[in-house]
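Chemist: Pasting protein_3.tsv here (TSV, C-alpha atoms and all ligand atoms):
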```
chain	number	residue	atom	x	y	z
C	871	MET	CA	133.19	129.04	131.15
C	872	GLN	CA	130.51	130.96	132.98
C	873	ASN	CA	127.48	128.67	133.11
C	874	LEU	CA	127.66	125.14	134.47
C	875	THR	CA	124.65	122.84	134.71
C	876	VAL	CA	124.58	119.68	136.84
C	877	LEU	CA	121.87	116.97	136.70
C	878	SER	CA	121.76	115.78	140.29
C	879	GLY	CA	120.26	113.25	142.67
C	880	GLY	CA	120.55	113.57	146.46
C	881	MET	CA	123.63	112.53	148.42
C	882	GLY	CA	126.03	111.71	145.56
C	883	GLY	CA	125.04	114.81	143.63
C	884	ALA	CA	125.18	117.08	146.70
C	885	ARG	CA	128.65	115.91	147.68
C	886	PHE	CA	129.86	116.41	144.14
C	887	LEU	CA	128.38	119.92	144.08
C	888	GLN	CA	130.21	120.83	147.31
C	889	GLY	CA	133.50	119.90	145.66
C	890	LEU	CA	132.57	121.60	142.40
C	891	LEU	CA	131.78	124.89	144.17
C	892	HIS	CA	134.99	124.59	146.17
C	893	GLY	CA	136.94	124.05	142.93
C	894	ILE	CA	135.28	127.04	141.24
C	895	GLU	CA	135.96	129.36	144.20
C	896	ARG	CA	139.61	128.32	144.39
C	897	GLY	CA	140.12	128.55	140.63
C	898	LEU	CA	140.97	124.85	140.41
C	899	LEU	CA	138.85	124.11	137.34
C	900	PRO	CA	140.63	124.85	134.05
C	901	GLY	CA	138.76	127.47	132.02
C	902	VAL	CA	135.97	127.96	134.58
C	903	ALA	CA	135.50	131.54	135.81
C	904	PRO	CA	135.75	132.01	139.59
C	905	ASP	CA	132.31	133.66	139.49
C	906	ALA	CA	130.74	130.98	137.29
C	907	THR	CA	127.08	130.19	137.93
C	908	VAL	CA	126.02	126.63	138.70
C	909	THR	CA	122.48	125.54	137.90
C	910	VAL	CA	121.35	122.26	139.43
C	911	VAL	CA	118.53	120.29	137.84
C	912	ALA	CA	117.48	117.95	140.65
C	913	ASN	CA	115.60	114.69	140.55
C	914	THR	CA	112.09	114.88	141.98
C	915	ALA	CA	110.94	111.32	141.28
C	916	ASP	CA	111.82	110.35	144.89
C	917	ASP	CA	109.23	112.83	146.15
C	918	LEU	CA	106.39	111.58	148.29
C	919	TRP	CA	103.35	112.73	150.20
C	920	ILE	CA	103.49	111.63	153.80
C	921	HIS	CA	101.10	112.62	156.62
C	922	GLY	CA	99.74	115.26	154.24
C	923	LEU	CA	103.16	116.80	153.63
C	924	LYS	CA	105.03	117.06	150.35
C	925	VAL	CA	108.58	115.80	150.87
C	926	CYS	CA	111.31	116.26	148.24
C	927	PRO	CA	114.33	114.26	149.45
C	928	ASP	CA	116.79	115.09	146.67
C	929	LEU	CA	115.98	118.81	146.48
C	930	ASP	CA	116.30	119.04	150.27
C	931	THR	CA	119.55	117.07	150.41
C	932	VAL	CA	121.12	119.45	147.88
C	933	MET	CA	119.67	122.52	149.61
C	934	TYR	CA	120.65	121.48	153.15
C	935	THR	CA	124.10	120.22	152.12
C	936	LEU	CA	125.08	123.35	150.20
C	937	GLY	CA	123.32	125.60	152.74
C	938	ASP	CA	125.25	123.98	155.61
C	939	GLY	CA	122.15	122.65	157.34
C	940	ILE	CA	122.64	118.95	156.61
C	941	ASP	CA	123.25	116.27	159.23
C	942	LEU	CA	126.69	115.20	158.10
C	943	GLU	CA	126.59	111.77	159.70
C	944	ARG	CA	123.25	110.72	158.26
C	945	GLY	CA	123.82	112.55	154.97
C	946	TRP	CA	120.16	113.62	154.85
C	947	GLY	CA	117.85	115.78	156.94
C	948	ARG	CA	118.69	118.57	159.36
C	949	ARG	CA	121.55	118.85	161.78
C	950	ASP	CA	120.63	118.93	165.51
C	951	GLU	CA	117.39	117.19	164.64
C	952	THR	CA	114.77	116.04	167.15
C	953	TRP	CA	112.01	113.51	166.50
C	954	SER	CA	109.07	114.50	168.73
C	955	VAL	CA	106.48	114.64	165.95
C	956	LYS	CA	107.53	111.24	164.63
C	957	GLU	CA	107.24	109.75	168.14
C	958	GLU	CA	103.83	111.31	168.68
C	959	LEU	CA	102.56	109.97	165.34
C	960	ALA	CA	103.83	106.51	166.26
C	961	ALA	CA	102.08	106.77	169.64
C	962	TYR	CA	98.82	107.32	167.74
C	963	GLY	CA	99.62	104.21	165.70
C	964	VAL	CA	99.53	106.22	162.48
C	965	GLU	CA	101.23	104.60	159.47
C	966	PRO	CA	103.70	104.86	157.90
C	967	THR	CA	106.27	104.91	160.69
C	968	TRP	CA	109.37	104.06	158.64
C	969	PHE	CA	109.97	107.45	157.06
C	970	GLY	CA	112.41	109.76	158.85
C	971	LEU	CA	110.50	112.94	159.53
C	972	GLY	CA	112.48	115.18	161.87
C	973	ASP	CA	110.96	118.16	163.67
C	974	ARG	CA	113.17	120.76	161.99
C	975	ASP	CA	112.76	119.08	158.63
C	976	ILE	CA	108.98	119.14	159.03
C	977	ALA	CA	109.06	122.94	159.02
C	978	THR	CA	110.49	122.81	155.48
C	979	HIS	CA	107.75	120.39	154.41
C	980	LEU	CA	105.06	122.55	156.02
C	981	VAL	CA	106.23	125.65	154.16
C	982	ARG	CA	106.42	123.70	150.92
C	983	THR	CA	103.01	122.09	151.31
C	984	GLN	CA	101.36	125.37	152.29
C	985	MET	CA	102.82	127.13	149.25
C	986	LEU	CA	101.78	124.31	146.92
C	987	ASP	CA	98.26	124.43	148.37
C	988	ALA	CA	98.22	128.17	147.69
C	989	GLY	CA	98.94	127.47	144.02
C	990	TYR	CA	102.67	128.04	143.73
C	991	ARG	CA	104.66	125.65	141.55
C	992	LEU	CA	107.36	123.44	143.05
C	993	SER	CA	110.03	125.47	141.25
C	994	GLU	CA	108.73	128.65	142.88
C	995	VAL	CA	108.55	126.95	146.27
C	996	THR	CA	112.13	125.71	145.88
C	997	GLU	CA	113.31	129.22	145.09
C	998	ALA	CA	111.54	130.52	148.20
C	999	LEU	CA	113.11	127.84	150.43
C	1000	CYS	CA	116.54	128.57	148.93
C	1001	ALA	CA	116.20	132.24	149.92
C	1002	ARG	CA	116.85	131.00	153.44
C	1003	TRP	CA	119.51	128.39	152.69
C	1004	ARG	CA	121.51	130.25	150.03
C	1005	PRO	CA	122.97	127.09	148.53
C	1006	GLY	CA	125.23	129.03	146.13
C	1007	VAL	CA	123.61	127.37	143.11
C	1008	ARG	CA	120.39	127.93	141.20
C	1009	LEU	CA	118.35	124.91	142.28
C	1010	LEU	CA	115.63	123.73	139.90
C	1011	PRO	CA	113.36	120.71	140.25
C	1012	MET	CA	113.44	118.66	137.03
C	1013	THR	CA	109.68	119.15	136.74
C	1014	ASP	CA	106.82	120.83	138.60
C	1015	ASP	CA	104.62	117.83	137.86
C	1016	ARG	CA	104.10	114.82	140.09
C	1017	VAL	CA	106.43	111.97	139.10
C	1018	GLU	CA	107.05	108.95	141.34
C	1019	THR	CA	109.48	106.10	141.04
C	1020	HIS	CA	107.91	102.81	142.08
C	1021	VAL	CA	109.73	99.51	142.51
C	1022	ALA	CA	108.32	96.02	141.97
C	1023	VAL	CA	109.50	93.43	144.49
C	1024	ALA	CA	108.70	89.74	144.85
C	1025	ASP	CA	105.80	88.99	147.20
C	1026	PRO	CA	104.54	85.38	147.16
C	1027	ALA	CA	101.49	86.43	149.21
C	1028	THR	CA	99.94	88.30	146.26
C	1029	PRO	CA	98.20	86.67	143.23
C	1030	SER	CA	100.78	88.15	140.83
C	1031	GLY	CA	103.70	87.18	143.08
C	1032	ARG	CA	104.74	90.83	143.04
C	1033	ARG	CA	104.11	93.99	144.96
C	1034	VAL	CA	104.84	97.53	143.89
C	1035	VAL	CA	106.13	100.00	146.48
C	1036	HIS	CA	107.12	103.65	146.34
C	1037	PHE	CA	110.85	104.10	145.84
C	1038	GLN	CA	111.22	105.52	149.38
C	1039	GLU	CA	109.58	102.43	150.84
C	1040	TYR	CA	112.00	100.23	148.88
C	1041	TRP	CA	114.98	102.26	150.04
C	1042	VAL	CA	114.05	103.21	153.60
C	1043	ARG	CA	111.74	100.45	154.84
C	1044	LEU	CA	113.07	97.50	152.80
C	1045	ARG	CA	116.63	98.94	152.82
C	1046	ALA	CA	116.99	97.81	149.19
C	1047	ALA	CA	117.72	94.38	150.66
C	1048	VAL	CA	115.37	92.50	148.31
C	1049	PRO	CA	115.93	92.46	144.54
C	1050	ALA	CA	114.09	95.09	142.51
C	1051	GLU	CA	112.31	93.22	139.71
C	1052	ALA	CA	111.28	96.34	137.83
C	1053	VAL	CA	111.32	100.11	138.17
C	1054	VAL	CA	108.36	102.19	137.06
C	1055	PHE	CA	108.41	105.96	136.65
C	1056	VAL	CA	104.80	107.00	137.20
C	1057	GLY	CA	103.92	110.24	135.41
C	1058	LEU	CA	107.34	110.74	133.83
C	1059	ASP	CA	106.23	110.54	130.19
C	1060	ASP	CA	103.67	113.29	130.73
C	1061	ALA	CA	105.85	115.56	132.86
C	1062	ALA	CA	106.94	118.95	131.56
C	1063	PRO	CA	110.43	120.23	132.35
C	1064	ALA	CA	110.26	122.89	135.07
C	1065	PRO	CA	110.77	126.50	133.94
C	1066	GLY	CA	114.47	127.09	133.27
C	1067	VAL	CA	115.47	123.44	132.91
C	1068	ILE	CA	115.75	123.29	129.12
C	1069	ASP	CA	117.43	126.71	128.93
C	1070	ALA	CA	119.91	125.65	131.62
C	1071	ILE	CA	121.04	122.82	129.34
C	1072	THR	CA	120.84	124.77	126.09
C	1073	ASP	CA	122.66	127.87	127.39
C	1074	ALA	CA	125.28	126.02	129.46
C	1075	ASP	CA	129.01	126.13	128.76
C	1076	LEU	CA	129.36	122.72	130.40
C	1077	VAL	CA	126.88	120.07	131.51
C	1078	VAL	CA	127.89	117.54	134.19
C	1079	LEU	CA	126.32	114.22	135.15
C	1080	PRO	CA	127.71	113.78	138.68
C	1081	PRO	CA	128.18	110.35	140.31
C	1082	SER	CA	124.46	110.12	141.07
C	1083	ASN	CA	122.29	107.04	140.72
C	1084	PRO	CA	122.09	106.41	136.96
C	1085	VAL	CA	118.58	104.94	137.11
C	1086	VAL	CA	116.52	106.67	139.79
C	1087	SER	CA	118.34	110.05	139.86
C	1088	VAL	CA	119.98	110.92	136.53
C	1089	GLY	CA	117.81	108.38	134.67
C	1090	THR	CA	114.60	110.10	135.71
C	1091	ILE	CA	115.93	113.56	134.80
C	1092	LEU	CA	116.90	112.22	131.36
C	1093	GLY	CA	113.39	110.79	131.10
C	1094	VAL	CA	111.67	114.17	131.43
C	1095	PRO	CA	110.38	114.98	127.94
C	1096	ARG	CA	112.71	117.30	125.96
C	1097	VAL	CA	115.69	116.88	128.30
C	1098	ARG	CA	117.48	114.32	126.10
C	1099	GLU	CA	116.80	116.45	123.02
C	1100	ALA	CA	118.26	119.49	124.80
C	1101	LEU	CA	121.38	117.52	125.70
C	1102	ALA	CA	121.74	116.28	122.13
C	1103	ALA	CA	121.45	119.83	120.81
C	1104	THR	CA	123.45	121.88	123.32
C	1105	ARG	CA	126.77	123.37	122.24
C	1106	ALA	CA	128.13	122.64	125.71
C	1107	PRO	CA	130.21	119.52	126.24
C	1108	VAL	CA	128.50	116.95	128.46
C	1109	VAL	CA	130.68	114.99	130.88
C	1110	GLY	CA	129.83	112.29	133.41
C	1111	LEU	CA	131.49	110.68	136.44
C	1112	SER	CA	130.88	107.04	137.32
C	1113	PRO	CA	128.87	106.25	140.48
C	1114	ILE	CA	130.03	102.64	140.13
C	1115	VAL	CA	133.53	101.96	141.45
C	1116	GLY	CA	135.04	98.50	141.39
C	1117	GLY	CA	131.79	96.88	140.26
C	1118	THR	CA	129.40	98.32	142.82
C	1119	HIS	CA	128.01	101.59	144.15
C	1120	VAL	CA	130.05	103.41	146.74
C	1121	ARG	CA	126.94	103.94	148.87
C	1122	GLY	CA	123.27	103.77	148.00
C	1123	MET	CA	121.65	101.13	145.81
C	1124	ALA	CA	122.67	101.84	142.22
C	1125	GLU	CA	123.56	98.16	141.85
C	1126	GLN	CA	119.99	97.01	142.60
C	1127	MET	CA	118.56	99.62	140.23
C	1128	LEU	CA	120.95	98.75	137.37
C	1129	ASN	CA	120.09	95.07	137.79
C	1130	ALA	CA	116.40	95.95	137.57
C	1131	ILE	CA	116.88	97.57	134.14
C	1132	ASP	CA	119.41	94.95	132.94
C	1133	VAL	CA	122.41	97.27	132.72
C	1134	GLU	CA	125.85	95.86	133.53
C	1135	VAL	CA	126.93	97.00	137.01
C	1136	SER	CA	130.31	98.46	136.09
C	1137	ALA	CA	131.81	101.85	135.36
C	1138	ALA	CA	131.94	101.01	131.65
C	1139	GLY	CA	128.42	99.58	131.76
C	1140	VAL	CA	126.97	102.85	133.07
C	1141	GLY	CA	129.02	104.98	130.65
C	1142	LEU	CA	127.85	102.92	127.69
C	1143	HIS	CA	124.28	102.97	129.02
C	1144	TYR	CA	124.37	106.79	128.89
C	1145	GLY	CA	126.13	106.48	125.52
C	1146	SER	CA	128.22	108.92	123.53
C	1147	ARG	CA	126.52	111.90	121.94
C	1148	SER	CA	128.17	110.98	118.66
C	1149	SER	CA	126.03	107.84	118.60
C	1150	GLY	CA	122.71	109.02	119.99
C	1151	GLY	CA	123.63	109.06	123.70
C	1152	VAL	CA	124.17	112.00	126.05
C	1153	LEU	CA	127.92	112.10	126.87
C	1154	ASP	CA	131.07	113.62	125.37
C	1155	GLY	CA	133.30	112.20	128.10
C	1156	TRP	CA	133.20	109.68	130.95
C	1157	LEU	CA	135.39	109.40	134.03
C	1158	VAL	CA	135.89	106.08	135.76
C	1159	ASP	CA	137.79	105.40	138.98
C	1160	GLU	CA	141.43	104.32	138.90
C	1161	VAL	CA	140.46	100.82	140.04
C	1162	ASP	CA	138.46	100.52	136.81
C	1163	VAL	CA	141.32	101.59	134.53
C	1164	ASP	CA	141.04	98.29	132.62
C	1165	GLN	CA	137.60	99.40	131.37
C	1166	VAL	CA	138.81	102.62	129.71
C	1167	ASP	CA	139.69	101.02	126.36
C	1168	ARG	CA	136.27	99.46	126.04
C	1169	VAL	CA	134.56	102.83	126.56
C	1170	VAL	CA	136.92	104.62	124.16
C	1171	ALA	CA	136.36	101.88	121.57
C	1172	ALA	CA	132.64	102.71	121.70
C	1173	GLY	CA	133.46	106.30	120.69
C	1174	LEU	CA	133.27	107.82	124.18
C	1175	PRO	CA	136.40	109.61	125.46
C	1176	CYS	CA	137.26	108.17	128.87
C	1177	ARG	CA	139.88	108.50	131.60
C	1178	ALA	CA	140.56	106.81	134.92
C	1179	VAL	CA	141.13	109.14	137.90
C	1180	PRO	CA	140.40	108.85	141.65
C	1181	LEU	CA	136.63	109.13	142.04
C	1182	MET	CA	136.13	108.77	145.79
C	1183	MET	CA	134.55	111.90	147.25
C	1184	THR	CA	136.45	111.74	150.54
C	1185	ASP	CA	136.62	115.53	151.01
C	1186	VAL	CA	136.03	118.74	149.04
C	1187	ASP	CA	139.60	118.81	147.69
C	1188	ALA	CA	139.40	115.26	146.33
C	1189	THR	CA	135.99	116.06	144.85
C	1190	ALA	CA	137.22	119.33	143.31
C	1191	ALA	CA	140.03	117.35	141.67
C	1192	MET	CA	137.42	114.98	140.19
C	1193	ALA	CA	135.51	117.98	138.83
C	1194	ALA	CA	138.72	119.43	137.37
C	1195	ALA	CA	139.49	116.13	135.63
C	1196	ALA	CA	135.95	116.09	134.21
C	1197	VAL	CA	136.30	119.63	132.83
C	1198	GLU	CA	139.69	118.80	131.37
C	1199	LEU	CA	138.48	115.63	129.65
C	1200	VAL	CA	135.92	117.46	127.50
C	1201	THR	CA	137.60	120.85	126.97
C	1202	ARG	CA	141.15	119.93	126.00
R	1301	LIG	P1	120.66	109.76	146.36
R	1301	LIG	O1	119.56	110.45	145.62
R	1301	LIG	O2	120.77	110.22	147.78
R	1301	LIG	O3	120.64	108.29	146.20
R	1301	LIG	O4	122.00	110.30	145.71
R	1301	LIG	P2	122.53	110.32	144.22
R	1301	LIG	O5	121.63	109.64	143.27
R	1301	LIG	O6	122.94	111.71	143.90
R	1301	LIG	O7	123.87	109.50	144.38
R	1301	LIG	C1	123.89	108.17	144.78
R	1301	LIG	C2	125.05	107.52	144.09
R	1301	LIG	O8	126.25	108.19	144.47
R	1301	LIG	C3	125.25	106.08	144.46
R	1301	LIG	O9	124.89	105.30	143.35
R	1301	LIG	C4	126.75	105.96	144.75
R	1301	LIG	O10	127.33	104.94	144.02
R	1301	LIG	C5	127.32	107.29	144.32
R	1301	LIG	N1	128.39	107.73	145.18
R	1301	LIG	C6	128.29	108.07	146.48
R	1301	LIG	N2	129.50	108.43	146.97
R	1301	LIG	C7	130.38	108.31	145.94
R	1301	LIG	C8	131.79	108.55	145.80
R	1301	LIG	O11	132.52	108.92	146.74
R	1301	LIG	N3	132.34	108.32	144.56
R	1301	LIG	C9	131.59	107.89	143.50
R	1301	LIG	N4	132.21	107.71	142.32
R	1301	LIG	N5	130.26	107.67	143.60
R	1301	LIG	C10	129.68	107.88	144.80
R	1302	CA	CA	117.38	110.26	145.57
```
Can you present the structure in this file as structure tokens?

Modeler:
Amino acid sequence: MQNLTVLSGGMGGARFLQGLLHGIERGLLPGVAPDATVTVVANTADDLWIHGLKVCPDLDTVMYTLGDGIDLERGWGRRDETWSVKEELAAYGVEPTWFGLGDRDIATHLVRTQMLDAGYRLSEVTEALCARWRPGVRLLPMTDDRVETHVAVADPATPSGRRVVHFQEYWVRLRAAVPAEAVVFVGLDDAAPAPGVIDAITDADLVVLPPSNPVVSVGTILGVPRVREALAATRAPVVGLSPIVGGTHVRGMAEQMLNAIDVEVSAAGVGLHYGSRSSGGVLDGWLVDEVDVDQVDRVVAAGLPCRAVPLMMTDVDATAAMAAAAVELVTR
């Protein structure tokens, strides 16, 4: 196999990609060439405009992580970051103050915003930014169009009893600590896949759904018009790894998002939500963690090949082993 395509969110996807690249380099993935190309289709529905800057959290997390610029402790943003601009904005009393805009990070957003203003598409801007970071993958935004995930939360102070906030406000300011009553993907139905996205799926030898958030990361990519059709039609096997282990997310807020769309919060629940390609879904295989081994039969019974293996991304070797198990499941 020469061409691998991964549909990725931010932190979960980026960590998986680190292990995948490690596995490819070391020849640990059965049937995958050591010089195989990885194309990443990244979620852009988390993107936001803040203080006049276009910020793309998932694209940047993948780019910084694979380009060795990420702050490892935080898992997002730049290493050796300082926060002078953020402090100065706060001193002016300018809202919002909850979003983490670091000084180094702001340079990325300035370059991006300037290029967008000059008429470049987000996919072109991403390519330009990657010329510096050399992430070792071809990084594509899922779309060049503006798409935003919004979350409805209870608010008794409003006439409807609800308030809708941008996904970043739900995650960063509200810390996903209040239930999400609904998730809305503004602009998704009218978005066009970015150049290269459909071909990356169609021409792949293997497509992977990493352990990313199934609703607000992978779910939004699957919601871009023509992406599901491309997955249904590709000759490549499509394999996924569960982001739910032992009935909840490992980190993040997949549980809140699954509740909001009424999907069972379990490894089997997410696998069956994606569904098997043989019955109109997107997957040819699904990996669950060892602790969820009792759910394997249920997934298999629904026509989706499934195995239980360790799915904790503790280091690149453990993650490469997960990737190897995923390859093996759909190519045996
Ligand atoms: P985000 O955009 O930064 O939220 O990142 P992603 O959408 O790519 O990934 C978030 C998901 O990764 C969460 O739902 C977690 O459950 C999942 N996740 C994080 N670490 C691990 C891990 O070690 N193992 C597994 N199986 N899932 C993980
Ligand atoms: Ca994200």

Chemist: List as a list in words the protein and nucleic acid residues lying within 8 Å of ligand CA 1302 (chain R), with only C-alpha atoms and all ligand atoms counted.

Modeler: Gly879, Gly880, Met881, Asn913, Thr914, Ala915, Asp916, Pro927, Asp928, Asn1083, Val1086 and Ser1087 of chain C

Chemist: Distance limit 6 Å, reference ligand LIG 1301 (chain R), atoms considered: all atoms listed in the file. Which residues make the cut? Give them as a PyMOL selection string.

Modeler: chain C and resi 878-883+928+1081-1083+1087+1112-1115+1119-1124+1181-1183

Chemist: Just the number, please: distance in Å from atom CA of C:Thr1019 to atom CA of C:Leu877, one decimal.

Modeler: 17.0 Å

Chemist: With distances taken over all atoms listed in the file, which residue among C:Leu1079, C:Ala1106, C:Val1200, C:Ala1100 lies nearest C:Val1140?

Modeler: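 The shortest atom-to-atom distance to C:Val1140 comes from C:Leu1079.
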
Chemist: Using only C-alpha atoms, collect all residues at a distance of at most 12 Å from (128.7, 99.1, 120.9) as written in the file, then present them as a ChimeraX atom specification.

Modeler: /C:1138-1139,1141-1146,1149-1151,1168-1174

Chemist: With distances taken over only C-alpha atoms, which of C:Thr1072, C:Thr931, C:Thr967, C:Thr1090 is nearest to C:Thr1013?

Modeler: C:Thr1090

Chemist: As a PDB file with C-alpha atoms, in the frame of the given file, please: the residues near C:Val932 (cut-off 12 Å, all atoms listed in the file, same-chain neighbours under 3 positions excluded).

Modeler:
```pdb
ATOM      1  CA  VAL C 876     124.580 119.680 136.840  1.00  0.00           C
ATOM      2  CA  LEU C 877     121.870 116.970 136.700  1.00  0.00           C
ATOM      3  CA  SER C 878     121.760 115.780 140.290  1.00  0.00           C
ATOM      4  CA  GLY C 879     120.260 113.250 142.670  1.00  0.00           C
ATOM      5  CA  GLY C 880     120.550 113.570 146.460  1.00  0.00           C
ATOM      6  CA  MET C 881     123.630 112.530 148.420  1.00  0.00           C
ATOM      7  CA  GLY C 882     126.030 111.710 145.560  1.00  0.00           C
ATOM      8  CA  GLY C 883     125.040 114.810 143.630  1.00  0.00           C
ATOM      9  CA  ALA C 884     125.180 117.080 146.700  1.00  0.00           C
ATOM     10  CA  ARG C 885     128.650 115.910 147.680  1.00  0.00           C
ATOM     11  CA  PHE C 886     129.860 116.410 144.140  1.00  0.00           C
ATOM     12  CA  LEU C 887     128.380 119.920 144.080  1.00  0.00           C
ATOM     13  CA  GLN C 888     130.210 120.830 147.310  1.00  0.00           C
ATOM     14  CA  THR C 909     122.480 125.540 137.900  1.00  0.00           C
ATOM     15  CA  VAL C 910     121.350 122.260 139.430  1.00  0.00           C
ATOM     16  CA  VAL C 911     118.530 120.290 137.840  1.00  0.00           C
ATOM     17  CA  ALA C 912     117.480 117.950 140.650  1.00  0.00           C
ATOM     18  CA  ASN C 913     115.600 114.690 140.550  1.00  0.00           C
ATOM     19  CA  THR C 914     112.090 114.880 141.980  1.00  0.00           C
ATOM     20  CA  CYS C 926     111.310 116.260 148.240  1.00  0.00           C
ATOM     21  CA  PRO C 927     114.330 114.260 149.450  1.00  0.00           C
ATOM     22  CA  ASP C 928     116.790 115.090 146.670  1.00  0.00           C
ATOM     23  CA  LEU C 929     115.980 118.810 146.480  1.00  0.00           C
ATOM     24  CA  THR C 935     124.100 120.220 152.120  1.00  0.00           C
ATOM     25  CA  LEU C 936     125.080 123.350 150.200  1.00  0.00           C
ATOM     26  CA  GLY C 937     123.320 125.600 152.740  1.00  0.00           C
ATOM     27  CA  ASP C 938     125.250 123.980 155.610  1.00  0.00           C
ATOM     28  CA  GLY C 939     122.150 122.650 157.340  1.00  0.00           C
ATOM     29  CA  ILE C 940     122.640 118.950 156.610  1.00  0.00           C
ATOM     30  CA  ASP C 941     123.250 116.270 159.230  1.00  0.00           C
ATOM     31  CA  GLY C 945     123.820 112.550 154.970  1.00  0.00           C
ATOM     32  CA  TRP C 946     120.160 113.620 154.850  1.00  0.00           C
ATOM     33  CA  GLY C 947     117.850 115.780 156.940  1.00  0.00           C
ATOM     34  CA  ARG C 948     118.690 118.570 159.360  1.00  0.00           C
ATOM     35  CA  THR C 996     112.130 125.710 145.880  1.00  0.00           C
ATOM     36  CA  LEU C 999     113.110 127.840 150.430  1.00  0.00           C
ATOM     37  CA  CYS C1000     116.540 128.570 148.930  1.00  0.00           C
ATOM     38  CA  TRP C1003     119.510 128.390 152.690  1.00  0.00           C
ATOM     39  CA  ARG C1004     121.510 130.250 150.030  1.00  0.00           C
ATOM     40  CA  PRO C1005     122.970 127.090 148.530  1.00  0.00           C
ATOM     41  CA  GLY C1006     125.230 129.030 146.130  1.00  0.00           C
ATOM     42  CA  VAL C1007     123.610 127.370 143.110  1.00  0.00           C
ATOM     43  CA  ARG C1008     120.390 127.930 141.200  1.00  0.00           C
ATOM     44  CA  LEU C1009     118.350 124.910 142.280  1.00  0.00           C
ATOM     45  CA  LEU C1010     115.630 123.730 139.900  1.00  0.00           C
ATOM     46  CA  PRO C1011     113.360 120.710 140.250  1.00  0.00           C
TER      47      PRO C1011
END
```

Chemist: Rounded to one decimal place, report the atom CA of C:Gln1165-atom CA of C:Gly1116 distance in Å.

Modeler: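 Separation between atom CA of C:Gln1165 and atom CA of C:Gly1116: 10.4 Å.
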
Chemist: Taking only C-alpha atoms into account, which of C:Tyr962, C:Arg1147, C:Val955, C:Asp1159 comes nearest C:Pro1180?

Modeler: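 Smallest separation from C:Pro1180 among the options: C:Asp1159.
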
Chemist: So how far away is atom CA of C:Asp1073 from atom CA of C:Leu874, in Å?

Modeler: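 Computing it gives 9.1 Å between the two atoms.
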
Chemist: To test the calculation: enclose all listed atoms of stretch 1165-1177 of chain C in a box whose edges run along x, y and z, add 3 Å on each side, then state centre and edge lengths in Å to one decimal, as AutoDock Vina command-line options.

Modeler:
```
--center_x 136.3 --center_y 104.5 --center_z 126.1 --size_x 13.2 --size_y 16.2 --size_z 16.9
```

Chemist: Quick one: everything within 9 Å of C:Tyr1040, counting all atoms listed in the file, minus sequence neighbours fewer than 4 positions away in the same chain. Send it as an MDAnalysis selection string.

Modeler: chainID C and resid 1020:1023 1035:1036 1044:1048 1050

Chemist: Nearest to C:Val902 among C:Leu1076, C:Asp1164, C:Val1042, C:Val1088, with distances taken over all atoms listed in the file: which residue is it?

Modeler: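 Closest candidate: C:Leu1076.
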
Chemist: Which residue is closest to C:Gly1155? Choose from C:Ser1136, C:Thr1118, C:Thr1201, C:Ser1030 and count only C-alpha atoms.

Modeler: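 The shortest atom-to-atom distance to C:Gly1155 comes from C:Thr1201.
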
Chemist: Taking into account only C-alpha atoms, which residue in the set C:Val1067, C:Met1127, C:Val1094, C:Ala998 is nearest to C:Pro1049?

Modeler: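 Checking each candidate against C:Pro1049, we get C:Met1127 as the closest.
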
Chemist: Just add N, CA and C atoms to stretch 974-983 of chain C and send it as a tab-separated table (two decimals), in the frame of the given file.

Modeler:
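To be explicit, this is the file written out as out-v2.tsv:
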```tsv
chain	number	residue	atom	x	y	z
C	974	ARG	N	112.69	119.60	162.76
C	974	ARG	CA	113.17	120.76	161.99
C	974	ARG	C	112.82	120.60	160.51
C	975	ASP	N	113.04	119.39	160.02
C	975	ASP	CA	112.76	119.08	158.63
C	975	ASP	C	111.29	119.33	158.30
C	976	ILE	N	110.42	118.99	159.24
C	976	ILE	CA	108.98	119.14	159.03
C	976	ILE	C	108.62	120.60	158.72
C	977	ALA	N	109.35	121.53	159.30
C	977	ALA	CA	109.06	122.94	159.02
C	977	ALA	C	109.23	123.22	157.52
C	978	THR	N	110.28	122.65	156.93
C	978	THR	CA	110.49	122.81	155.48
C	978	THR	C	109.29	122.24	154.70
C	979	HIS	N	108.86	121.03	155.13
C	979	HIS	CA	107.75	120.39	154.41
C	979	HIS	C	106.43	121.14	154.61
C	980	LEU	N	106.27	121.75	155.78
C	980	LEU	CA	105.06	122.55	156.02
C	980	LEU	C	105.04	123.78	155.12
C	981	VAL	N	106.17	124.46	155.02
C	981	VAL	CA	106.23	125.65	154.16
C	981	VAL	C	105.95	125.24	152.72
C	982	ARG	N	106.59	124.15	152.30
C	982	ARG	CA	106.42	123.70	150.92
C	982	ARG	C	104.97	123.34	150.63
C	983	THR	N	104.38	122.57	151.53
C	983	THR	CA	103.01	122.09	151.31
C	983	THR	C	102.03	123.26	151.29
```
